[in-house]
>>> print(open('start16.csv').read())   # CSV, C-alpha atoms and all ligand atoms
chain,number,residue,atom,x,y,z
A,1,MET,CA,47.8,95.3,20.4
A,2,ARG,CA,44.1,94.8,20.5
A,3,TYR,CA,41.9,97.9,20.8
A,4,GLN,CA,38.4,97.5,22.0
A,5,VAL,CA,36.2,100.6,22.0
A,6,VAL,CA,32.9,100.9,23.8
A,7,THR,CA,31.0,103.6,21.9
A,8,ILE,CA,27.5,104.4,20.7
A,9,PHE,CA,29.2,105.9,17.6
A,10,PRO,CA,31.4,103.1,16.2
A,11,GLU,CA,31.4,104.9,12.8
A,12,ILE,CA,33.5,107.7,14.3
A,13,ILE,CA,36.2,105.2,15.5
A,14,GLU,CA,36.0,103.2,12.2
A,15,SER,CA,36.3,106.3,10.0
A,16,GLY,CA,39.1,107.7,12.1
A,17,THR,CA,41.2,104.6,11.9
A,18,ARG,CA,40.6,103.6,8.3
A,19,LEU,CA,43.3,105.7,6.7
A,20,GLY,CA,47.0,106.4,7.4
A,21,LEU,CA,49.4,104.4,9.4
A,22,VAL,CA,46.8,103.0,11.8
A,23,GLY,CA,44.6,101.9,8.9
A,24,LYS,CA,47.6,100.1,7.4
A,25,ALA,CA,48.5,98.5,10.7
A,26,ILE,CA,44.9,97.2,11.0
A,27,THR,CA,45.0,95.8,7.5
A,28,ALA,CA,48.4,94.2,8.1
A,29,GLY,CA,47.1,92.7,11.4
A,30,VAL,CA,49.7,94.5,13.5
A,31,VAL,CA,46.8,95.9,15.5
A,32,GLU,CA,43.2,94.7,15.9
A,33,LEU,CA,40.3,97.0,16.5
A,34,GLU,CA,36.8,96.2,17.6
A,35,CYS,CA,33.9,98.5,18.6
A,36,MET,CA,31.1,97.5,20.8
A,37,SER,CA,28.0,99.7,21.1
A,38,PRO,CA,26.1,99.7,24.5
A,39,ARG,CA,23.0,100.0,22.4
A,40,ARG,CA,23.2,96.3,21.8
A,41,PHE,CA,22.4,95.7,25.4
A,42,THR,CA,19.2,97.8,25.7
A,43,THR,CA,15.7,96.4,25.9
A,44,ASP,CA,13.4,99.4,24.9
A,45,LYS,CA,12.5,100.1,21.3
A,46,HIS,CA,14.5,103.3,21.1
A,47,GLN,CA,17.6,101.5,22.4
A,48,SER,CA,18.1,104.2,25.0
A,49,VAL,CA,21.5,104.2,26.7
A,50,ASP,CA,20.7,107.4,28.7
A,51,ASP,CA,18.3,108.5,31.4
A,52,THR,CA,17.4,111.5,33.4
A,53,PRO,CA,19.7,112.3,36.4
A,54,TYR,CA,18.7,111.4,39.9
A,55,GLY,CA,18.3,114.6,41.9
A,56,GLY,CA,17.3,116.5,38.8
A,57,GLY,CA,19.4,118.8,36.7
A,58,SER,CA,20.0,119.4,33.0
A,59,GLY,CA,20.9,116.8,30.4
A,60,MET,CA,20.9,113.1,30.3
A,61,VAL,CA,23.2,110.6,32.0
A,62,MET,CA,24.6,107.5,30.3
A,63,SER,CA,23.3,104.4,32.2
A,64,ALA,CA,25.6,101.9,33.8
A,65,PRO,CA,24.0,98.6,32.7
A,66,PRO,CA,24.5,98.8,28.9
A,67,LEU,CA,28.0,100.1,29.4
A,68,ALA,CA,28.9,97.3,31.8
A,69,ALA,CA,27.3,94.7,29.5
A,70,ALA,CA,29.4,96.0,26.5
A,71,MET,CA,32.6,95.8,28.5
A,72,GLU,CA,31.7,92.3,29.8
A,73,LEU,CA,31.0,90.9,26.4
A,74,LEU,CA,34.3,92.2,25.1
A,75,ASP,CA,36.0,90.4,28.0
A,76,GLU,CA,34.1,87.2,27.3
A,77,GLN,CA,35.2,87.4,23.7
A,78,SER,CA,38.9,87.7,24.8
A,79,GLN,CA,38.4,84.8,27.2
A,80,ALA,CA,36.9,82.7,24.4
A,81,ARG,CA,40.1,83.3,22.3
A,82,ALA,CA,42.3,82.7,25.3
A,83,LEU,CA,43.6,86.2,25.0
A,84,PRO,CA,44.4,88.6,27.9
A,85,LEU,CA,41.6,90.8,29.1
A,86,ALA,CA,41.9,94.4,28.1
A,87,HIS,CA,43.1,97.2,30.4
A,88,ARG,CA,40.0,99.4,30.8
A,89,VAL,CA,40.4,103.1,30.3
A,90,LEU,CA,37.5,105.6,30.7
A,91,LEU,CA,37.8,108.7,28.6
A,92,THR,CA,36.7,111.7,30.7
A,93,PRO,CA,37.6,115.4,31.2
A,94,GLN,CA,38.0,114.5,34.9
A,95,GLY,CA,40.8,112.0,34.2
A,96,VAL,CA,44.5,112.2,34.4
A,97,ARG,CA,45.9,114.2,31.5
A,98,PHE,CA,47.0,111.8,28.7
A,99,ASP,CA,50.6,112.4,27.6
A,100,GLN,CA,53.5,110.7,25.9
A,101,ALA,CA,54.5,108.8,29.0
A,102,SER,CA,50.9,107.4,29.3
A,103,ALA,CA,51.1,106.5,25.6
A,104,ARG,CA,54.3,104.6,26.1
A,105,ARG,CA,52.9,102.8,29.2
A,106,LEU,CA,49.6,101.8,27.4
A,107,ALA,CA,51.4,100.8,24.2
A,108,ALA,CA,53.2,98.1,26.2
A,109,LEU,CA,49.9,96.4,27.1
A,110,PRO,CA,48.5,93.5,25.0
A,111,ALA,CA,44.9,95.0,24.9
A,112,LEU,CA,43.3,98.3,25.6
A,113,MET,CA,39.6,98.9,26.2
A,114,LEU,CA,38.6,102.6,25.6
A,115,ILE,CA,35.2,103.5,27.0
A,116,CYS,CA,33.6,106.6,25.5
A,117,GLY,CA,30.9,108.6,27.3
A,118,ARG,CA,28.3,110.9,25.7
A,119,TYR,CA,25.5,113.2,26.9
A,120,GLU,CA,26.1,115.0,30.2
A,121,GLY,CA,28.4,112.2,31.3
A,122,ILE,CA,28.1,108.7,32.6
A,123,ASP,CA,26.6,107.1,35.8
A,124,ALA,CA,29.3,107.4,38.5
A,125,ARG,CA,29.1,103.7,39.3
A,126,VAL,CA,30.9,102.9,35.9
A,127,HIS,CA,34.1,104.4,37.4
A,128,ALA,CA,34.4,101.3,39.6
A,129,LEU,CA,34.5,99.1,36.5
A,130,VAL,CA,37.6,100.7,34.9
A,131,HIS,CA,41.3,100.5,35.7
A,132,GLU,CA,42.0,104.2,35.0
A,133,GLU,CA,40.5,107.4,33.7
A,134,LEU,CA,42.2,109.6,31.1
A,135,SER,CA,41.5,113.1,29.8
A,136,LEU,CA,42.7,114.5,26.5
A,137,GLY,CA,43.0,118.0,28.1
A,138,ASP,CA,41.2,120.7,30.1
A,139,PHE,CA,38.3,121.1,27.7
A,140,VAL,CA,35.0,119.3,27.2
A,141,LEU,CA,34.3,117.3,24.1
A,142,ASN,CA,30.8,116.0,23.1
A,143,GLY,CA,31.9,112.5,23.5
A,144,GLY,CA,34.9,110.3,24.3
A,145,GLU,CA,35.4,109.1,20.6
A,146,VAL,CA,37.9,111.8,19.6
A,147,ALA,CA,39.8,111.2,22.8
A,148,ALA,CA,39.8,107.4,22.1
A,149,LEU,CA,41.1,108.1,18.6
A,150,ALA,CA,43.9,110.2,20.0
A,151,VAL,CA,44.9,107.4,22.4
A,152,ILE,CA,44.8,104.8,19.6
A,153,GLU,CA,46.9,106.9,17.3
A,154,ALA,CA,49.5,107.9,20.0
A,155,THR,CA,49.9,104.4,21.2
A,156,ALA,CA,49.7,102.5,17.8
A,157,ARG,CA,52.5,104.5,16.3
A,158,LEU,CA,54.8,103.3,19.1
A,159,LEU,CA,54.2,99.6,18.3
A,160,PRO,CA,56.9,97.8,16.3
A,161,GLY,CA,56.0,97.6,12.6
A,162,VAL,CA,53.6,100.6,12.6
A,163,LEU,CA,55.9,103.5,11.6
A,164,GLY,CA,58.0,103.1,8.5
A,165,ASN,CA,61.0,104.7,10.2
A,166,SER,CA,61.0,103.9,13.9
A,167,GLY,CA,64.2,105.9,14.3
A,168,SER,CA,62.0,109.1,14.1
A,169,LEU,CA,60.3,108.0,17.4
A,170,SER,CA,63.4,108.7,19.5
A,171,GLU,CA,63.9,112.2,18.1
A,172,GLU,CA,60.2,113.4,18.3
A,173,SER,CA,58.8,116.0,20.5
A,174,HIS,CA,58.2,114.6,24.1
A,175,SER,CA,60.2,111.4,23.5
A,176,ALA,CA,62.9,112.7,25.8
A,177,GLY,CA,61.1,115.6,27.4
A,178,LEU,CA,62.2,118.0,24.6
A,179,LEU,CA,60.4,119.5,21.6
A,180,GLU,CA,61.8,118.4,18.3
A,181,TYR,CA,64.2,120.6,16.3
A,182,PRO,CA,62.8,122.5,13.2
A,183,GLN,CA,62.5,120.4,10.0
A,184,TYR,CA,62.9,121.6,6.4
A,185,THR,CA,62.5,120.1,3.0
A,186,ARG,CA,62.6,121.4,-0.6
A,187,PRO,CA,62.4,124.1,-1.8
A,188,ARG,CA,65.6,125.7,-0.5
A,189,GLU,CA,64.1,129.1,-0.4
A,190,PHE,CA,60.4,129.7,0.4
A,191,ARG,CA,59.0,133.3,0.3
A,192,GLY,CA,62.3,134.8,1.3
A,193,GLN,CA,63.0,132.2,4.0
A,194,GLU,CA,66.2,130.2,3.4
A,195,VAL,CA,66.9,126.7,4.8
A,196,PRO,CA,69.6,127.2,7.5
A,197,ALA,CA,73.0,126.8,5.8
A,198,ILE,CA,74.2,124.2,8.3
A,199,LEU,CA,71.6,121.7,7.0
A,200,LEU,CA,73.1,122.0,3.5
A,201,SER,CA,76.7,121.6,4.8
A,202,GLY,CA,76.9,117.8,4.8
A,203,ASN,CA,78.7,118.0,8.1
A,204,HIS,CA,76.6,115.4,10.1
A,205,ALA,CA,78.2,116.1,13.5
A,206,ALA,CA,77.6,119.8,13.1
A,207,ILE,CA,74.0,119.1,12.0
A,208,GLU,CA,73.4,116.9,15.1
A,209,ARG,CA,74.8,119.7,17.4
A,210,TRP,CA,72.6,122.3,15.7
A,211,ARG,CA,69.5,120.2,16.0
A,212,ARG,CA,70.2,119.5,19.6
A,213,ALA,CA,70.7,123.2,20.3
A,214,GLN,CA,67.5,124.1,18.5
A,215,SER,CA,65.6,121.4,20.4
A,216,LEU,CA,66.9,122.8,23.7
A,217,GLN,CA,66.2,126.4,22.8
A,218,ARG,CA,62.7,125.7,21.5
A,219,THR,CA,61.8,123.8,24.6
A,220,ARG,CA,63.0,126.6,26.8
A,221,THR,CA,61.1,129.3,24.9
A,222,GLU,CA,57.9,127.4,24.0
A,223,ARG,CA,57.5,125.0,26.9
A,224,PRO,CA,59.3,126.4,30.0
A,225,ASP,CA,57.4,123.8,32.1
A,226,LEU,CA,59.1,121.0,30.2
A,227,PHE,CA,62.5,122.7,30.2
A,228,ALA,CA,62.4,123.1,34.0
A,229,LYS,CA,62.2,119.3,34.4
A,230,LEU,CA,65.3,118.6,32.3
A,231,GLN,CA,68.6,117.6,33.8
A,232,LEU,CA,71.0,119.3,31.3
A,233,SER,CA,74.3,117.6,30.7
A,234,LYS,CA,77.5,119.7,30.6
A,235,ALA,CA,77.5,119.2,26.8
A,236,ASP,CA,73.9,120.5,26.5
A,237,GLN,CA,74.7,123.5,28.7
A,238,ALA,CA,77.7,124.3,26.5
A,239,LEU,CA,75.5,123.9,23.4
A,240,LEU,CA,72.9,126.3,24.7
A,241,ALA,CA,75.5,128.9,25.7
A,242,ALA,CA,77.2,128.7,22.3
A,243,ALA,CA,73.8,129.0,20.5
A,244,GLU,CA,73.0,132.1,22.7
A,245,GLN,CA,76.3,133.6,21.8
A,246,GLU,CA,75.7,133.0,18.1
A,247,ALA,CA,72.2,134.5,18.3
A,248,LEU,CA,73.7,137.6,20.0
A,249,VAL,CA,76.3,138.0,17.3
A,250,ALA,CA,73.7,137.4,14.5
A,251,ALA,CA,71.3,140.0,16.1
A,252,ALA,CA,74.2,142.5,16.3
A,253,ASP,CA,75.1,141.9,12.7
A,254,ALA,CA,71.5,142.3,11.6
A,255,GLU,CA,71.3,145.6,13.5
A,256,ARG,CA,74.5,146.9,12.0
A,257,ALA,CA,73.3,145.9,8.5
A,258,GLU,CA,70.0,147.8,9.1
A,259,ARG,CA,71.7,150.9,10.3
A,260,LYS,CA,73.9,150.9,7.2
A,261,SER,CA,71.0,150.6,4.8
A,301,LIG,N1,29.5,116.7,32.2
A,301,LIG,C1,30.8,116.1,32.0
A,301,LIG,C2,31.8,116.8,32.9
A,301,LIG,O1,31.6,118.0,33.2
A,301,LIG,O2,32.8,116.2,33.4
A,301,LIG,C3,31.3,116.1,30.6
A,301,LIG,C4,30.5,115.2,29.7
A,301,LIG,S1,31.0,115.3,28.0
A,301,LIG,C5,29.9,116.4,27.3
A,301,LIG,C6,30.6,113.7,27.4
A,301,LIG,C7,31.7,112.7,27.3
A,301,LIG,O3,32.7,113.2,26.5
A,301,LIG,C8,32.4,112.3,28.6
A,301,LIG,O4,31.7,111.4,29.3
A,301,LIG,C9,33.7,111.8,28.1
A,301,LIG,O5,33.6,110.4,27.7
A,301,LIG,C10,34.0,112.6,26.8
A,301,LIG,N2,34.9,113.7,27.0
A,301,LIG,C11,34.6,115.0,27.1
A,301,LIG,N3,35.7,115.8,27.3
A,301,LIG,C12,36.7,114.9,27.3
A,301,LIG,C13,38.1,115.1,27.5
A,301,LIG,N4,38.7,116.3,27.7
A,301,LIG,N5,38.9,114.0,27.6
A,301,LIG,C14,38.4,112.8,27.4
A,301,LIG,N6,37.1,112.6,27.2
A,301,LIG,C15,36.2,113.6,27.2
>>> encode(input="start16.csv", output="structure tokens")
Amino acid sequence: MRYQVVTIFPEIIESGTRLGLVGKAITAGVVELECMSPRRFTTDKHQSVDDTPYGGGSGMVMSAPPLAAAMELLDEQSQARALPLAHRVLLTPQGVRFDQASARRLAALPALMLICGRYEGIDARVHALVHEELSLGDFVLNGGEVAALAVIEATARLLPGVLGNSGSLSEESHSAGLLEYPQYTRPREFRGQEVPAILLSGNHAAIERWRRAQSLQRTRTERPDLFAKLQLSKADQALLAAAEQEALVAAADAERAERKS
């Protein structure tokens, strides 16, 4: 995967990708990252990439020509290396919400160009130059860089050779429309909270069932919107019913114990 980022702040992208698994993947050559600043394509002494909005109003608008020139130079560089042109994604709060399904779709592409806005936004004519527009969520950032980093991290970790243990991908939250089960590591007891006994049992089939039930229950309580989209198998329905029954029994036991004390 080649990532090309159009940004006036390449330092944000470079520092956000230097460490961790993405940093290692770049060093190992599994992914390639290049930043291109639109400031390179300005002609005035201040290297201005913004201007006042037509029709008036507050703030400045990012001009189309330097952004377009940055995208085009990146394309020319790809062509010179006989590599496929990157799929162009504009980061904007007005875009389609980025999610795990978009991460999977984008991770399958050979090259991704992420275009970061700044100021009050970008000239509307830039929208015609991109393939799609993505938003990180319903909030407004100062610039597209943090959103671009999120897209890079979410897609890069899906690429072969980036995660040490690719098995963990299939169990993660959102991989199959479910939230992940709770995880524990040493110590066995932490501030009065014990690790669930089942995880210490060594019974792998029982652990699998417990994790699946926890995943289903968590999704139902924390993300009812996701739960509503699930097609539960008979086995999942039975697991949930059994987990509910166990929770009722545990609650009744706890109440009895409290009354006694
Ligand atoms: N005035 C714009 C609007 O209301 O849509 C917001 C401009 S914002 C201050 C500047 C830049 O930050 C945007 O052009 C975009 O690149 C980026 N940005 C802000 N919020 C974002 C979000 N939720 N997702 C992706 N990019 C975002």
>>> closest_residue(input="start16.csv", among="A:Gly95, A:Pro224, A:Pro38, A:Gly117", to="ligand LIG 301 (chain A)", atoms="all atoms listed in the file")
A:Gly117
>>> closest_residue(input="start16.csv", among="A:Gly121, A:Met1, A:Ala205, A:Glu14", to="Leu106 in chain A", atoms="all atoms listed in the file")
A:Met1
>>> residues_near_ligand(input="start16.csv", ligand="ligand LIG 301 (chain A)", cutoff="6 Å", atoms="all atoms listed in the file", output="list of chain:residue names")
A:Leu91, A:Thr92, A:Pro93, A:Gln94, A:Cys116, A:Gly117, A:Arg118, A:Tyr119, A:Glu120, A:Gly121, A:Ile122, A:Ser135, A:Leu136, A:Gly137, A:Asp138, A:Phe139, A:Val140, A:Leu141, A:Asn142, A:Gly143, A:Gly144, A:Ala147
>>> closest_residue(input="start16.csv", among="A:Glu194, A:Glu171, A:Asp123, A:Glu208", to="Asp50 in chain A", atoms="only C-alpha atoms")
A:Asp123
>>> closest_residue(input="start16.csv", among="A:Ser215, A:Ala28, A:Ala124, A:Ala80", to="Pro53 in chain A", atoms="only C-alpha atoms")
A:Ala124
>>> residues_around(input="start16.csv", residues="Pro66 in chain A", least_positions_apart="2", cutoff="6 Å", atoms="only C-alpha atoms", output="list in words")
Pro38, Phe41, Ala64, Ala68 and Ala69 of chain A
>>> residues_around(input="start16.csv", residues="range 159-161 of chain A", least_positions_apart="4", cutoff="12 Å", atoms="all atoms listed in the file", output="compact mmCIF listing (two decimals) with C-alpha atoms, in the frame of the given file")
# COMPACT_ATOMS: atom_id res chain seq x y z
CA MET A 1 47.80 95.30 20.40
CA ARG A 2 44.10 94.80 20.50
CA LEU A 21 49.40 104.40 9.40
CA VAL A 22 46.80 103.00 11.80
CA LYS A 24 47.60 100.10 7.40
CA ALA A 25 48.50 98.50 10.70
CA ILE A 26 44.90 97.20 11.00
CA ALA A 28 48.40 94.20 8.10
CA GLY A 29 47.10 92.70 11.40
CA VAL A 30 49.70 94.50 13.50
CA VAL A 31 46.80 95.90 15.50
CA ALA A 103 51.10 106.50 25.60
CA ARG A 104 54.30 104.60 26.10
CA ARG A 105 52.90 102.80 29.20
CA LEU A 106 49.60 101.80 27.40
CA ALA A 107 51.40 100.80 24.20
CA ALA A 108 53.20 98.10 26.20
CA LEU A 109 49.90 96.40 27.10
CA PRO A 110 48.50 93.50 25.00
CA ILE A 152 44.80 104.80 19.60
CA GLU A 153 46.90 106.90 17.30
CA ALA A 154 49.50 107.90 20.00
CA THR A 155 49.90 104.40 21.20
CA ASN A 165 61.00 104.70 10.20
CA SER A 166 61.00 103.90 13.90
CA GLY A 167 64.20 105.90 14.30
CA LEU A 169 60.30 108.00 17.40
>>> residues_near_point(input="start16.csv", point="(78.1, 116.2, 24.2)", cutoff="12 Å", atoms="all atoms listed in the file", output="number ranges by chain")
A: 205-206, 208-210, 212-213, 232-240
>>> atom_distance(input="start16.csv", atom1="CA of Glu244 in chain A", atom2="CA of Gln183 in chain A")
20.2 Å
>>> residues_around(input="start16.csv", residues="Glu145 in chain A", least_positions_apart="5", cutoff="8 Å", atoms="all atoms listed in the file", output="ChimeraX atom specification")
/A:7,9,12-13,116
>>> residues_around(input="start16.csv", residues="Arg218 in chain A", least_positions_apart="6", cutoff="9 Å", atoms="only C-alpha atoms", output="mmCIF file with C-alpha atoms, keeping the file's coordinate frame")
data_model
loop_
_atom_site.group_PDB
_atom_site.id
_atom_site.type_symbol
_atom_site.label_atom_id
_atom_site.label_comp_id
_atom_site.auth_asym_id
_atom_site.auth_seq_id
_atom_site.Cartn_x
_atom_site.Cartn_y
_atom_site.Cartn_z
ATOM 1 C CA LEU A 178 62.200 118.000 24.600
ATOM 2 C CA LEU A 179 60.400 119.500 21.600
ATOM 3 C CA GLU A 180 61.800 118.400 18.300
ATOM 4 C CA TYR A 181 64.200 120.600 16.300
ATOM 5 C CA PRO A 182 62.800 122.500 13.200
#
